[in-house]
Amino acid sequence: MSLDKYREKRDFGKSPEPAGEENLPLKADREPRLYVIQKHRASTLHYDLRLEDDGVLKSWAVPKGPSLDPSQKRLAMEVEDHPLEYGGFEGSIPAGEYGAGKVIVWDRGTFEPQGEGESFGGMLAKGAAKIRISGQKLNGGFALIRTRWGGRDNSWLLIKEKDGHARPSYDVTAAEPLSVLTGRDVDEVE
Ligand code: MN
């Protein structure tokens with residue numbers, strides 16, 4: 001049922017995005033869990049963080065993208081769950097369709113919740129989740145903290161933790177702009 005919102009927003013006859021399997025079994029504790037960030041040039045450029053939980057990708061739109069600087073708190077707006085298949089999607093969503101614009105897989109790998117006995121879903125429900133990412137561009141500890149910025153209950157902050165993978169003076173989105181799957185930048189997608 002978790003993918004109903006995702007499917008309601010899209011016409012899969014017009015958009016090349018995956019509809020997702022109808023009856024994908026829930027895999028509550030599948031390890032390792034998929035981590036993806038997609039770079040999406042829609043009406044404005046943003047980055048979509050996706051983290052696997054219970055057979056879907058929990059998703060946040062991050063307007064400025066992730067940072068490896070622990071002093072940078074990046075706004076992350078929670079959006080509808082996406083199917084696991086979305087983690088391999090690159091393409092161009094036609095004008096007039098939901099999310100119209102171009103998408104690349106900017107980073108991908110796995111992550112481990114750092115819940116010390118608490119489930120990832122439980123941490124998200126409480127509004128504070130710590131994870132350890134193993135990607136090609138992002139690595140190490142990150143925190144997702146719900147803020148209710150502007151009175152909205154879907155606003156979170158994505159914050160790099162202070163560890164050996166923090167790089168305070170490095171702008172990872174500017175320095176590493178390309179797809180980890182195809183080596184293209186987002187504007188090169190047809
Ligand atoms: Mn997006």
# chains A, B, ... in the order shown; residues from 1 in each chain; ligands from 1
>>> residues_around(residues="Pro18 in chain A", least_positions_apart="5", cutoff="10 Å", atoms="only C-alpha atoms", output="count of residues only")
11
>>> residues_near_ligand(ligand="ligand 1", cutoff="6 Å", atoms="only C-alpha atoms and all ligand atoms", output="list in words")
His40, Asp48 and Ala61 of chain A
>>> residues_around(residues="range 14-17 of chain A", least_positions_apart="3", cutoff="9 Å", atoms="only C-alpha atoms", output="list in words")
Arg10, Asp11, Gly20, Tyr86, Phe89, Glu90, Gly91, Ser92, Ile93, Pro94, Glu97, Tyr98 and Ala100 of chain A
>>> atom_distance(atom1="CA of Val105 in chain A", atom2="CA of Thr182 in chain A")
8.4 Å
>>> select_by_dssp(residues="chain A", states="helix (DSSP H, G or I)", output="PyMOL selection string")
chain A and resi 4-8+84-88+120-126+149-151+172-175+186-188
>>> residues_around(residues="Ala143 in chain A", least_positions_apart="4", cutoff="6 Å", atoms="only C-alpha atoms", output="short mmCIF file (atom, residue, chain, number, x, y, z; two decimals) with all heavy atoms, in the first residue's frame")
data_model
loop_
_atom_site.label_atom_id
_atom_site.label_comp_id
_atom_site.auth_asym_id
_atom_site.auth_seq_id
_atom_site.Cartn_x
_atom_site.Cartn_y
_atom_site.Cartn_z
N ALA A 129 17.08 9.74 13.02
CA ALA A 129 17.68 8.49 12.55
C ALA A 129 19.16 8.70 12.27
O ALA A 129 19.55 9.69 11.65
CB ALA A 129 16.98 7.99 11.30
N LYS A 130 19.98 7.77 12.77
CA LYS A 130 21.41 7.78 12.44
C LYS A 130 21.68 6.60 11.54
O LYS A 130 21.20 5.49 11.78
CB LYS A 130 22.25 7.69 13.70
CG LYS A 130 22.20 8.96 14.53
CD LYS A 130 23.26 8.96 15.62
CE LYS A 130 23.29 10.34 16.29
NZ LYS A 130 24.47 10.49 17.16
N LEU A 158 19.45 16.92 6.95
CA LEU A 158 20.45 15.88 6.68
C LEU A 158 21.81 16.44 7.08
O LEU A 158 22.23 17.47 6.55
CB LEU A 158 20.43 15.52 5.19
CG LEU A 158 21.50 14.52 4.74
CD1 LEU A 158 21.29 13.15 5.36
CD2 LEU A 158 21.51 14.42 3.20
N ILE A 159 22.46 15.77 8.02
CA ILE A 159 23.69 16.32 8.61
C ILE A 159 24.78 15.25 8.63
O ILE A 159 24.56 14.14 9.14
CB ILE A 159 23.44 16.81 10.06
CG1 ILE A 159 22.24 17.75 10.12
CG2 ILE A 159 24.69 17.49 10.62
CD1 ILE A 159 21.69 17.95 11.52
#
>>> residues_around(residues="Ser119 in chain A", least_positions_apart="2", cutoff="12 Å", atoms="only C-alpha atoms", output="list in words")
Ala28, Asp29, Arg30, Asp53, Asp54, Glu112, Pro113, Gln114, Gly115, Glu116, Gly117, Gly121, Gly122, Met123, Leu124, Ala125, Lys126, Ala128, Ala129, Lys130 and Ile131 of chain A
